[in-house]
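Next comes run20.cif, with mmCIF, C-alpha atoms and all ligand atoms.
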```cif
data_final
loop_
_atom_site.label_atom_id
_atom_site.label_comp_id
_atom_site.auth_asym_id
_atom_site.auth_seq_id
_atom_site.Cartn_x
_atom_site.Cartn_y
_atom_site.Cartn_z
CA MET B 29 38.34 10.59 43.76
CA ASN B 30 37.06 8.87 46.93
CA VAL B 31 37.72 11.05 49.98
CA LEU B 32 37.28 9.89 53.56
CA VAL B 33 36.58 12.86 55.83
CA THR B 34 36.91 11.98 59.49
CA GLY B 35 35.09 14.33 61.87
CA GLY B 36 32.98 15.56 58.94
CA ALA B 37 29.88 16.01 61.12
CA GLY B 38 31.70 18.64 63.17
CA PHE B 39 31.94 22.37 62.57
CA ILE B 40 34.82 22.79 60.11
CA GLY B 41 34.71 19.26 58.66
CA SER B 42 31.11 19.74 57.48
CA HIS B 43 32.00 23.00 55.68
CA PHE B 44 34.96 21.23 54.08
CA VAL B 45 32.65 18.49 52.78
CA ASP B 46 30.35 21.14 51.26
CA ARG B 47 33.25 22.85 49.57
CA LEU B 48 34.83 19.66 48.23
CA LEU B 49 31.56 18.42 46.72
CA GLU B 50 31.03 21.86 45.17
CA GLU B 51 34.52 22.15 43.69
CA GLU B 52 35.27 18.59 42.65
CA ALA B 53 32.60 17.15 40.38
CA ASP B 54 34.15 13.68 40.50
CA ALA B 55 34.64 13.59 44.30
CA ARG B 56 32.76 11.04 46.39
CA VAL B 57 32.85 11.74 50.11
CA SER B 58 32.47 9.35 53.04
CA VAL B 59 32.25 10.97 56.45
CA LEU B 60 33.37 8.87 59.42
CA ASP B 61 32.26 10.49 62.66
CA ALA B 62 31.64 9.16 66.18
CA LEU B 63 29.01 11.88 66.83
CA THR B 64 30.50 12.88 70.17
CA TYR B 65 28.81 15.74 72.05
CA ALA B 66 30.48 18.06 69.48
CA GLY B 67 29.25 16.39 66.30
CA THR B 68 25.76 16.33 64.86
CA LYS B 69 24.18 14.88 61.74
CA GLU B 70 22.36 18.21 61.38
CA ASN B 71 25.65 19.59 60.01
CA VAL B 72 25.41 17.28 56.99
CA ALA B 73 21.61 16.84 56.85
CA HIS B 74 21.40 19.10 53.78
CA LEU B 75 23.47 16.48 51.88
CA GLY B 76 20.87 13.77 52.46
CA GLU B 77 19.90 13.52 48.77
CA GLU B 78 23.44 13.86 47.47
CA GLU B 79 24.44 10.53 45.95
CA ARG B 80 28.17 11.37 46.14
CA PHE B 81 27.93 11.56 49.93
CA ARG B 82 27.55 8.98 52.67
CA PHE B 83 27.74 9.07 56.46
CA VAL B 84 29.31 6.30 58.55
CA LEU B 85 29.07 6.25 62.33
CA GLY B 86 32.36 5.16 63.88
CA ASP B 87 35.40 5.99 65.97
CA ILE B 88 38.80 6.90 64.43
CA VAL B 89 40.53 5.10 67.28
CA GLU B 90 39.09 1.74 66.15
CA ALA B 91 41.08 0.11 63.34
CA GLU B 92 38.05 -2.05 62.42
CA ALA B 93 36.03 1.09 61.69
CA VAL B 94 38.81 2.97 59.91
CA ASP B 95 40.57 0.31 57.87
CA PRO B 96 37.81 -0.73 55.40
CA LEU B 97 36.98 2.90 54.66
CA VAL B 98 40.62 3.83 54.08
CA LYS B 99 41.02 0.80 51.82
CA ASP B 100 38.34 2.27 49.49
CA ALA B 101 39.68 5.82 49.65
CA ASP B 102 42.18 7.80 47.56
CA LEU B 103 42.64 10.36 50.32
CA VAL B 104 41.83 10.83 54.03
CA VAL B 105 41.32 14.29 55.51
CA ASN B 106 41.36 14.11 59.31
CA PHE B 107 39.25 16.70 61.13
CA ALA B 108 38.17 14.34 63.94
CA ALA B 109 39.39 15.59 67.30
CA GLU B 110 38.49 16.58 70.79
CA SER B 111 38.75 20.29 70.10
CA PHE B 112 37.93 22.41 73.16
CA VAL B 113 40.89 23.63 75.25
CA ASP B 114 38.83 24.14 78.44
CA ARG B 115 37.67 20.50 78.40
CA SER B 116 41.27 19.34 77.94
CA ILE B 117 42.24 21.23 81.09
CA GLY B 118 39.52 19.32 82.96
CA ASP B 119 40.47 15.91 81.55
CA ALA B 120 43.24 15.40 78.99
CA ARG B 121 42.68 11.69 78.50
CA PRO B 122 39.99 11.74 75.77
CA PHE B 123 42.20 14.24 73.93
CA ALA B 124 45.18 11.88 74.00
CA VAL B 125 43.00 9.00 72.86
CA THR B 126 41.24 10.66 69.91
CA ASN B 127 43.83 13.21 68.85
CA VAL B 128 46.95 11.04 69.17
CA GLN B 129 45.82 7.41 69.11
CA GLY B 130 43.07 8.13 66.58
CA THR B 131 45.48 9.90 64.22
CA LEU B 132 47.86 6.94 64.59
CA THR B 133 45.07 4.51 63.64
CA ILE B 134 44.42 6.55 60.48
CA LEU B 135 48.12 6.77 59.64
CA ASP B 136 48.55 3.01 60.00
CA ALA B 137 45.55 2.32 57.75
CA CYS B 138 46.85 4.83 55.17
CA ARG B 139 50.22 3.15 55.26
CA ARG B 140 48.70 -0.32 54.83
CA HIS B 141 46.65 0.76 51.82
CA ASP B 142 49.01 3.36 50.37
CA VAL B 143 46.55 6.23 50.76
CA ALA B 144 47.43 9.93 51.12
CA MET B 145 46.39 11.91 54.18
CA VAL B 146 45.84 15.53 55.15
CA GLN B 147 45.98 16.26 58.87
CA VAL B 148 44.05 19.32 60.09
CA SER B 149 45.99 21.00 62.88
CA THR B 150 46.13 24.29 64.71
CA ASP B 151 48.28 27.39 65.33
CA GLU B 152 48.19 26.42 69.01
CA VAL B 153 50.93 23.81 68.48
CA TYR B 154 53.49 26.66 68.26
CA GLY B 155 52.47 28.10 71.61
CA SER B 156 51.97 31.76 72.38
CA THR B 157 53.91 34.79 71.12
CA PRO B 158 53.42 38.42 72.22
CA GLU B 159 54.56 39.68 68.81
CA GLY B 160 55.79 38.42 65.44
CA ALA B 161 54.56 35.25 63.79
CA PHE B 162 55.46 31.56 63.57
CA THR B 163 56.66 29.92 60.37
CA GLU B 164 56.20 26.23 59.58
CA GLU B 165 59.78 25.72 60.86
CA SER B 166 59.14 27.25 64.29
CA PRO B 167 59.48 24.84 67.23
CA LEU B 168 56.35 23.22 68.62
CA GLN B 169 55.75 24.58 72.15
CA PRO B 170 52.15 23.73 73.07
CA ASN B 171 50.93 25.09 76.41
CA ASN B 172 47.69 23.20 77.09
CA PRO B 173 46.71 19.53 76.86
CA TYR B 174 44.62 20.07 73.71
CA SER B 175 47.47 21.66 71.78
CA ALA B 176 49.95 19.12 73.18
CA THR B 177 47.90 16.27 71.72
CA LYS B 178 47.54 18.09 68.39
CA ALA B 179 51.33 18.61 68.32
CA GLY B 180 51.78 14.90 69.10
CA ALA B 181 49.58 14.02 66.13
CA ASP B 182 51.52 16.41 63.86
CA LEU B 183 54.81 14.78 64.88
CA LEU B 184 53.43 11.32 64.12
CA CYS B 185 52.35 12.58 60.68
CA ARG B 186 55.81 14.00 60.06
CA SER B 187 57.43 10.74 61.16
CA TYR B 188 55.24 8.62 58.84
CA HIS B 189 56.26 10.79 55.91
CA ARG B 190 59.95 10.63 56.83
CA THR B 191 60.03 6.95 57.82
CA TYR B 192 57.70 5.38 55.27
CA GLY B 193 57.68 8.01 52.51
CA MET B 194 53.92 8.44 52.89
CA ASP B 195 52.10 11.40 51.36
CA VAL B 196 51.02 13.15 54.57
CA ARG B 197 50.37 16.91 54.57
CA ILE B 198 49.55 19.10 57.54
CA PHE B 199 47.40 22.21 57.57
CA ARG B 200 47.62 24.44 60.68
CA GLY B 201 44.72 26.83 60.93
CA PRO B 202 43.98 29.85 63.13
CA ASN B 203 40.73 30.14 65.11
CA ALA B 204 37.72 29.40 62.95
CA TYR B 205 34.26 30.96 63.36
CA GLY B 206 30.97 30.81 61.53
CA PRO B 207 27.66 28.94 61.25
CA ARG B 208 27.39 25.45 62.86
CA GLN B 209 30.11 26.04 65.49
CA HIS B 210 29.46 24.30 68.80
CA PRO B 211 27.94 26.71 71.37
CA GLU B 212 30.78 26.13 73.87
CA LYS B 213 33.36 28.01 71.74
CA ALA B 214 34.12 31.73 72.26
CA ILE B 215 32.18 33.46 69.47
CA PRO B 216 29.04 31.30 69.94
CA THR B 217 29.29 31.74 73.73
CA PHE B 218 29.41 35.55 73.45
CA THR B 219 26.75 35.63 70.72
CA ILE B 220 24.26 33.36 72.47
CA ALA B 221 24.70 35.19 75.78
CA ALA B 222 24.19 38.57 74.06
CA LEU B 223 21.11 37.36 72.16
CA GLU B 224 19.60 35.97 75.37
CA GLY B 225 20.52 38.97 77.57
CA ARG B 226 22.91 37.00 79.77
CA PRO B 227 26.49 37.97 80.87
CA LEU B 228 29.23 37.52 78.26
CA PRO B 229 32.08 35.78 80.15
CA VAL B 230 35.48 37.22 79.12
CA TYR B 231 38.61 35.53 80.49
CA GLY B 232 41.04 37.61 82.63
CA ASP B 233 41.18 41.27 81.56
CA GLY B 234 40.11 40.52 77.97
CA SER B 235 43.47 41.51 76.48
CA ASN B 236 44.28 38.03 75.10
CA ARG B 237 44.14 38.13 71.31
CA ARG B 238 43.01 35.65 68.71
CA GLU B 239 43.12 35.59 64.92
CA TRP B 240 39.73 34.67 63.43
CA LEU B 241 39.29 33.04 60.04
CA HIS B 242 35.83 32.40 58.61
CA VAL B 243 35.05 28.70 58.39
CA ARG B 244 34.43 28.87 54.63
CA ASP B 245 37.93 30.32 54.14
CA PHE B 246 39.33 27.64 56.47
CA ALA B 247 37.57 24.94 54.42
CA ARG B 248 38.88 26.46 51.16
CA ALA B 249 42.39 26.42 52.60
CA VAL B 250 42.16 22.68 53.31
CA VAL B 251 40.78 22.06 49.81
CA THR B 252 43.79 24.01 48.46
CA VAL B 253 46.20 21.79 50.40
CA VAL B 254 44.37 18.72 49.05
CA ARG B 255 44.57 19.93 45.45
CA ARG B 256 47.92 21.68 45.28
CA GLY B 257 49.88 20.80 48.42
CA LYS B 258 53.11 18.78 48.37
CA PRO B 259 53.64 15.44 50.13
CA GLY B 260 55.25 15.87 53.57
CA GLU B 261 54.68 19.64 53.58
CA ILE B 262 53.22 21.75 56.38
CA TYR B 263 51.00 24.73 55.52
CA ASN B 264 50.13 27.52 57.95
CA GLY B 265 46.85 29.32 57.40
CA GLY B 266 46.44 32.99 58.23
CA GLY B 267 45.05 36.23 56.94
CA GLY B 268 42.27 36.27 59.49
CA HIS B 269 41.32 39.17 61.74
CA GLU B 270 43.31 39.60 64.96
CA VAL B 271 41.38 41.12 67.84
CA PRO B 272 41.56 41.19 71.67
CA ASN B 273 38.80 39.13 73.29
CA LEU B 274 37.27 42.19 74.96
CA GLU B 275 36.90 44.01 71.61
CA LEU B 276 35.33 40.87 70.15
CA ALA B 277 32.74 40.76 72.93
CA GLU B 278 32.04 44.48 72.41
CA ALA B 279 31.55 43.96 68.66
CA ILE B 280 29.07 41.17 69.36
CA CYS B 281 27.16 43.41 71.79
CA ARG B 282 26.89 46.06 69.03
CA LEU B 283 25.65 43.52 66.47
CA THR B 284 23.01 42.13 68.83
CA ASP B 285 22.00 45.48 70.41
CA ALA B 286 22.98 44.01 73.79
CA PRO B 287 24.14 46.45 76.49
CA PRO B 288 27.98 46.30 76.80
CA ASP B 289 27.67 46.11 80.58
CA LEU B 290 26.66 42.46 80.07
CA ILE B 291 30.40 41.85 79.53
CA THR B 292 31.72 40.17 82.67
CA PHE B 293 35.34 39.35 83.46
CA VAL B 294 35.83 35.81 84.78
CA ASP B 295 38.88 33.96 86.19
CA ASP B 296 41.49 33.46 83.49
CA ARG B 297 41.96 30.05 81.85
CA PRO B 298 45.04 28.32 83.37
CA GLY B 299 48.01 28.54 81.00
CA HIS B 300 45.99 30.87 78.76
CA ASP B 301 47.98 31.60 75.60
CA PHE B 302 48.12 35.36 75.00
CA ARG B 303 48.38 35.39 71.23
CA TYR B 304 48.93 33.15 68.19
CA SER B 305 50.11 34.30 64.79
CA MET B 306 51.45 32.49 61.75
CA VAL B 307 53.29 33.43 58.54
CA TRP B 308 51.22 31.88 55.72
CA ASP B 309 53.30 32.68 52.61
CA ARG B 310 53.55 29.00 51.69
CA LEU B 311 49.77 28.67 51.45
CA ARG B 312 49.54 31.99 49.61
CA GLY B 313 51.98 30.43 47.13
CA LEU B 314 49.28 27.83 46.38
CA GLU B 315 47.00 30.74 45.42
CA TRP B 316 44.82 30.77 48.50
CA VAL B 317 43.77 34.04 50.10
CA PRO B 318 40.89 34.56 52.53
CA ASP B 319 37.70 35.94 51.09
CA VAL B 320 35.28 36.74 53.93
CA PRO B 321 35.83 40.10 55.69
CA PHE B 322 35.57 39.70 59.47
CA GLU B 323 32.78 42.28 59.93
CA ARG B 324 30.59 40.51 57.34
CA GLY B 325 31.44 37.04 58.65
CA LEU B 326 30.68 38.02 62.24
CA GLU B 327 27.36 39.57 61.27
CA GLU B 328 26.42 36.42 59.32
CA THR B 329 27.38 34.26 62.32
CA VAL B 330 25.27 36.33 64.71
CA THR B 331 22.33 36.11 62.29
CA TRP B 332 22.76 32.33 62.05
CA PHE B 333 22.60 31.89 65.83
CA ARG B 334 19.63 34.27 65.96
CA ASP B 335 17.86 32.13 63.33
CA HIS B 336 18.84 28.78 64.90
CA PRO B 337 17.77 28.83 68.55
CA ASP B 338 17.96 25.01 68.45
CA ARG B 339 21.75 25.33 67.91
CA ARG B 340 22.39 27.50 70.96
CA GLY B 341 22.88 24.72 73.46
CA GLY B 342 21.55 21.50 74.83
CA ARG B 343 23.90 19.22 72.88
CA ALA B 344 26.68 19.02 75.48
N1 LIG B 401 37.73 25.29 65.56
C1 LIG B 401 38.89 25.89 65.40
O1 LIG B 401 39.01 27.10 65.64
C2 LIG B 401 40.10 25.12 64.92
C3 LIG B 401 41.27 25.83 64.60
C4 LIG B 401 42.38 25.13 64.11
C5 LIG B 401 42.31 23.76 63.97
N2 LIG B 401 41.16 23.09 64.32
C6 LIG B 401 41.13 21.63 64.13
O2 LIG B 401 40.15 21.38 63.14
C7 LIG B 401 39.50 20.13 63.39
C8 LIG B 401 38.00 20.34 63.44
O3 LIG B 401 37.69 21.28 64.46
P1 LIG B 401 36.17 21.66 64.77
O4 LIG B 401 36.18 22.98 65.42
O5 LIG B 401 35.35 21.43 63.57
O6 LIG B 401 35.84 20.57 65.85
P2 LIG B 401 34.42 19.98 66.34
O7 LIG B 401 34.62 19.65 67.77
O8 LIG B 401 33.32 20.90 65.92
O9 LIG B 401 34.26 18.64 65.50
C9 LIG B 401 34.98 17.49 65.74
C10 LIG B 401 34.25 16.32 65.10
O10 LIG B 401 35.03 15.14 65.33
C11 LIG B 401 34.16 14.11 65.78
N3 LIG B 401 34.94 13.19 66.61
C12 LIG B 401 35.49 13.45 67.82
N4 LIG B 401 36.13 12.35 68.27
C13 LIG B 401 36.00 11.40 67.33
C14 LIG B 401 36.44 10.06 67.21
N5 LIG B 401 37.17 9.47 68.18
N6 LIG B 401 36.12 9.38 66.08
C15 LIG B 401 35.38 9.95 65.09
N7 LIG B 401 34.92 11.20 65.17
C16 LIG B 401 35.23 11.93 66.26
C17 LIG B 401 33.05 14.81 66.54
O11 LIG B 401 31.88 14.02 66.63
C18 LIG B 401 32.86 16.07 65.70
O12 LIG B 401 31.92 15.84 64.67
C19 LIG B 401 40.10 19.61 64.70
O13 LIG B 401 41.08 18.67 64.39
C20 LIG B 401 40.71 20.84 65.35
O14 LIG B 401 41.79 20.50 66.15
C21 LIG B 401 40.06 23.74 64.78
#
```
As structure tokens:
Amino acid sequence: MNVLVTGGAGFIGSHFVDRLLEEEADARVSVLDALTYAGTKENVAHLGEEERFRFVLGDIVEAEAVDPLVKDADLVVNFAAESFVDRSIGDARPFAVTNVQGTLTILDACRRHDVAMVQVSTDEVYGSTPEGAFTEESPLQPNNPYSATKAGADLLCRSYHRTYGMDVRIFRGPNAYGPRQHPEKAIPTFTIAALEGRPLPVYGDGSNRREWLHVRDFARAVVTVVRRGKPGEIYNGGGGHEVPNLELAEAICRLTDAPPDLITFVDDRPGHDFRYSMVWDRLRGLEWVPDVPFERGLEETVTWFRDHPDRRGGRA
């Protein structure tokens, strides 16, 4: 099985590559990644000697880069994206280009060469809900430019399955955390600030909630969709740990022995979604359940940032 993993030098994509190579003895993996500010070859450096792995530098928007790789593949798993909501509020254009146009380039190549695709998406496409949980049939109501472009990509994937009968599957994950995450994201931001004795910036009053899934569980979920998912199907991921942002910052202070008065409330993010939650029975039906308890995963993540001062910044 030849698998093309786009965005595989990013946070989740690199863990997916690890997992796939571990689980599938006959898998050969090509990573296509543009190495934007968010990607780094360090995330796949440990695979340097692995003969079933290769890295290709290139942009998913460019058909010339994508097409020859798709032609040689049995499956494409698309992790490549502009992924940070705050940046999308500053400038949505790169998000539209990579997340929508880039996904379209991959879909067209898959269609040309009759190759299956798994699109990695997010709970944010459903929008916010104060209570209850979204199913795969819930309407898409994205509230920020990032999630709007991810929803656009999901709709293109759906349309290519319906129109051309292509095998396109979508996985929608909750917030991921763990080693290798870019320092701009919430858990790394809090952790790095706490380790370095700087203020932990918490949006608004800190009551906004997120569900956190360890990146290894997220990667296993995508492998499950690859192995046992159905063409044209959407799979929500869940089973993470839901916590208000303020409690998360407090937990990180405890783990780092940082004084809690470092927690500082800052102006809320415009259009800040209060809460996401998804029903994930369909994925459970494929025999996936999360494995990493949040307390253990958070401790491991804090230790990783403590042990990797080189990964605490400077790449943006
Ligand atoms: N991180 C989360 O909490 C989360 C949750 C749900 C879904 N997702 C989705 O999972 C995927 C991976 O997220 P992540 O957190 O690992 O992101 P990331 O920002 O860490 O990694 C993205 C990778 O894509 C690459 N990339 C960006 N634009 C590209 C382009 N035009 N061509 C080729 N490569 C390009 C980057 O270099 C980087 O290596 C994204 O599609 C994201 O929307 C993330």
Fewer than 3 positions away in the same chain doesn't count, so skip those; otherwise give me all residues within 12 Å of B:Leu223, counting only C-alpha atoms, as a PDB file with C-alpha atoms, in the frame of the given file.
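Once written, result_4.pdb looks like this:
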```pdb
ATOM      1  CA  PRO B 216      29.040  31.300  69.940  1.00  0.00           C
ATOM      2  CA  THR B 217      29.290  31.740  73.730  1.00  0.00           C
ATOM      3  CA  PHE B 218      29.410  35.550  73.450  1.00  0.00           C
ATOM      4  CA  THR B 219      26.750  35.630  70.720  1.00  0.00           C
ATOM      5  CA  ILE B 220      24.260  33.360  72.470  1.00  0.00           C
ATOM      6  CA  ARG B 226      22.910  37.000  79.770  1.00  0.00           C
ATOM      7  CA  PRO B 227      26.490  37.970  80.870  1.00  0.00           C
ATOM      8  CA  LEU B 228      29.230  37.520  78.260  1.00  0.00           C
ATOM      9  CA  ILE B 280      29.070  41.170  69.360  1.00  0.00           C
ATOM     10  CA  CYS B 281      27.160  43.410  71.790  1.00  0.00           C
ATOM     11  CA  ARG B 282      26.890  46.060  69.030  1.00  0.00           C
ATOM     12  CA  LEU B 283      25.650  43.520  66.470  1.00  0.00           C
ATOM     13  CA  THR B 284      23.010  42.130  68.830  1.00  0.00           C
ATOM     14  CA  ASP B 285      22.000  45.480  70.410  1.00  0.00           C
ATOM     15  CA  ALA B 286      22.980  44.010  73.790  1.00  0.00           C
ATOM     16  CA  PRO B 287      24.140  46.450  76.490  1.00  0.00           C
ATOM     17  CA  LEU B 290      26.660  42.460  80.070  1.00  0.00           C
ATOM     18  CA  VAL B 330      25.270  36.330  64.710  1.00  0.00           C
ATOM     19  CA  THR B 331      22.330  36.110  62.290  1.00  0.00           C
ATOM     20  CA  TRP B 332      22.760  32.330  62.050  1.00  0.00           C
ATOM     21  CA  PHE B 333      22.600  31.890  65.830  1.00  0.00           C
ATOM     22  CA  ARG B 334      19.630  34.270  65.960  1.00  0.00           C
ATOM     23  CA  ASP B 335      17.860  32.130  63.330  1.00  0.00           C
ATOM     24  CA  HIS B 336      18.840  28.780  64.900  1.00  0.00           C
ATOM     25  CA  PRO B 337      17.770  28.830  68.550  1.00  0.00           C
ATOM     26  CA  ARG B 340      22.390  27.500  70.960  1.00  0.00           C
TER      27      ARG B 340
END
```
**OP:** Point out the residue among B:Gly41, B:Pro158, B:Gly260, B:Gly234 with the least atom-to-atom distance to B:Glu275, counting only C-alpha atoms.
**Re:**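 Result for the nearest residue to B:Glu275: B:Gly234.
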So which residues are near ligand LIG 401 (chain B), meaning at most 7 Å away with only C-alpha atoms and all ligand atoms counted, given back as a short mmCIF file (atom, residue, chain, number, x, y, z; two decimals) with C-alpha atoms, keeping the file's coordinate frame?
```
data_model
loop_
_atom_site.label_atom_id
_atom_site.label_comp_id
_atom_site.auth_asym_id
_atom_site.auth_seq_id
_atom_site.Cartn_x
_atom_site.Cartn_y
_atom_site.Cartn_z
CA THR B 34 36.91 11.98 59.49
CA GLY B 35 35.09 14.33 61.87
CA GLY B 36 32.98 15.56 58.94
CA ALA B 37 29.88 16.01 61.12
CA GLY B 38 31.70 18.64 63.17
CA PHE B 39 31.94 22.37 62.57
CA ILE B 40 34.82 22.79 60.11
CA GLY B 41 34.71 19.26 58.66
CA LEU B 60 33.37 8.87 59.42
CA ASP B 61 32.26 10.49 62.66
CA ALA B 62 31.64 9.16 66.18
CA LEU B 63 29.01 11.88 66.83
CA THR B 64 30.50 12.88 70.17
CA TYR B 65 28.81 15.74 72.05
CA ALA B 66 30.48 18.06 69.48
CA GLY B 67 29.25 16.39 66.30
CA THR B 68 25.76 16.33 64.86
CA GLY B 86 32.36 5.16 63.88
CA ASP B 87 35.40 5.99 65.97
CA ILE B 88 38.80 6.90 64.43
CA VAL B 89 40.53 5.10 67.28
CA ASN B 106 41.36 14.11 59.31
CA PHE B 107 39.25 16.70 61.13
CA ALA B 108 38.17 14.34 63.94
CA ALA B 109 39.39 15.59 67.30
CA GLU B 110 38.49 16.58 70.79
CA SER B 111 38.75 20.29 70.10
CA PHE B 112 37.93 22.41 73.16
CA THR B 126 41.24 10.66 69.91
CA GLY B 130 43.07 8.13 66.58
CA VAL B 148 44.05 19.32 60.09
CA SER B 149 45.99 21.00 62.88
CA THR B 150 46.13 24.29 64.71
CA ASP B 151 48.28 27.39 65.33
CA LYS B 178 47.54 18.09 68.39
CA ARG B 200 47.62 24.44 60.68
CA GLY B 201 44.72 26.83 60.93
CA PRO B 202 43.98 29.85 63.13
CA ASN B 203 40.73 30.14 65.11
CA ALA B 204 37.72 29.40 62.95
CA TYR B 205 34.26 30.96 63.36
CA GLN B 209 30.11 26.04 65.49
CA HIS B 210 29.46 24.30 68.80
#
```
Give me the residues within 9 Å of B:Tyr304 as a short mmCIF file (atom, residue, chain, number, x, y, z; two decimals) with C-alpha atoms, keeping the file's coordinate frame, counting only C-alpha atoms and dropping any in the same chain fewer than 3 places off.
```cif
data_model
loop_
_atom_site.label_atom_id
_atom_site.label_comp_id
_atom_site.auth_asym_id
_atom_site.auth_seq_id
_atom_site.Cartn_x
_atom_site.Cartn_y
_atom_site.Cartn_z
CA ASP B 151 48.28 27.39 65.33
CA GLU B 152 48.19 26.42 69.01
CA TYR B 154 53.49 26.66 68.26
CA GLY B 155 52.47 28.10 71.61
CA SER B 156 51.97 31.76 72.38
CA THR B 157 53.91 34.79 71.12
CA PRO B 158 53.42 38.42 72.22
CA GLU B 159 54.56 39.68 68.81
CA ALA B 161 54.56 35.25 63.79
CA PHE B 162 55.46 31.56 63.57
CA PRO B 202 43.98 29.85 63.13
CA ARG B 237 44.14 38.13 71.31
CA ARG B 238 43.01 35.65 68.71
CA GLU B 239 43.12 35.59 64.92
CA ASP B 301 47.98 31.60 75.60
#
```
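Residue nearest B:Phe199 within the list B:Ala124, B:Ile262, B:Ala214, B:Leu326: B:Ile262 [criterion: smallest interatomic distance, all atoms listed in the file].
Excluding B:Gly267 itself and same-chain residues fewer than 3 positions from it, the residues having an atom within 9 Å of it are Pro202, Glu239, Trp240, Leu241, Glu270, Met306, Val307, Trp308, Val317 and Pro318 of chain B, counting all atoms listed in the file.
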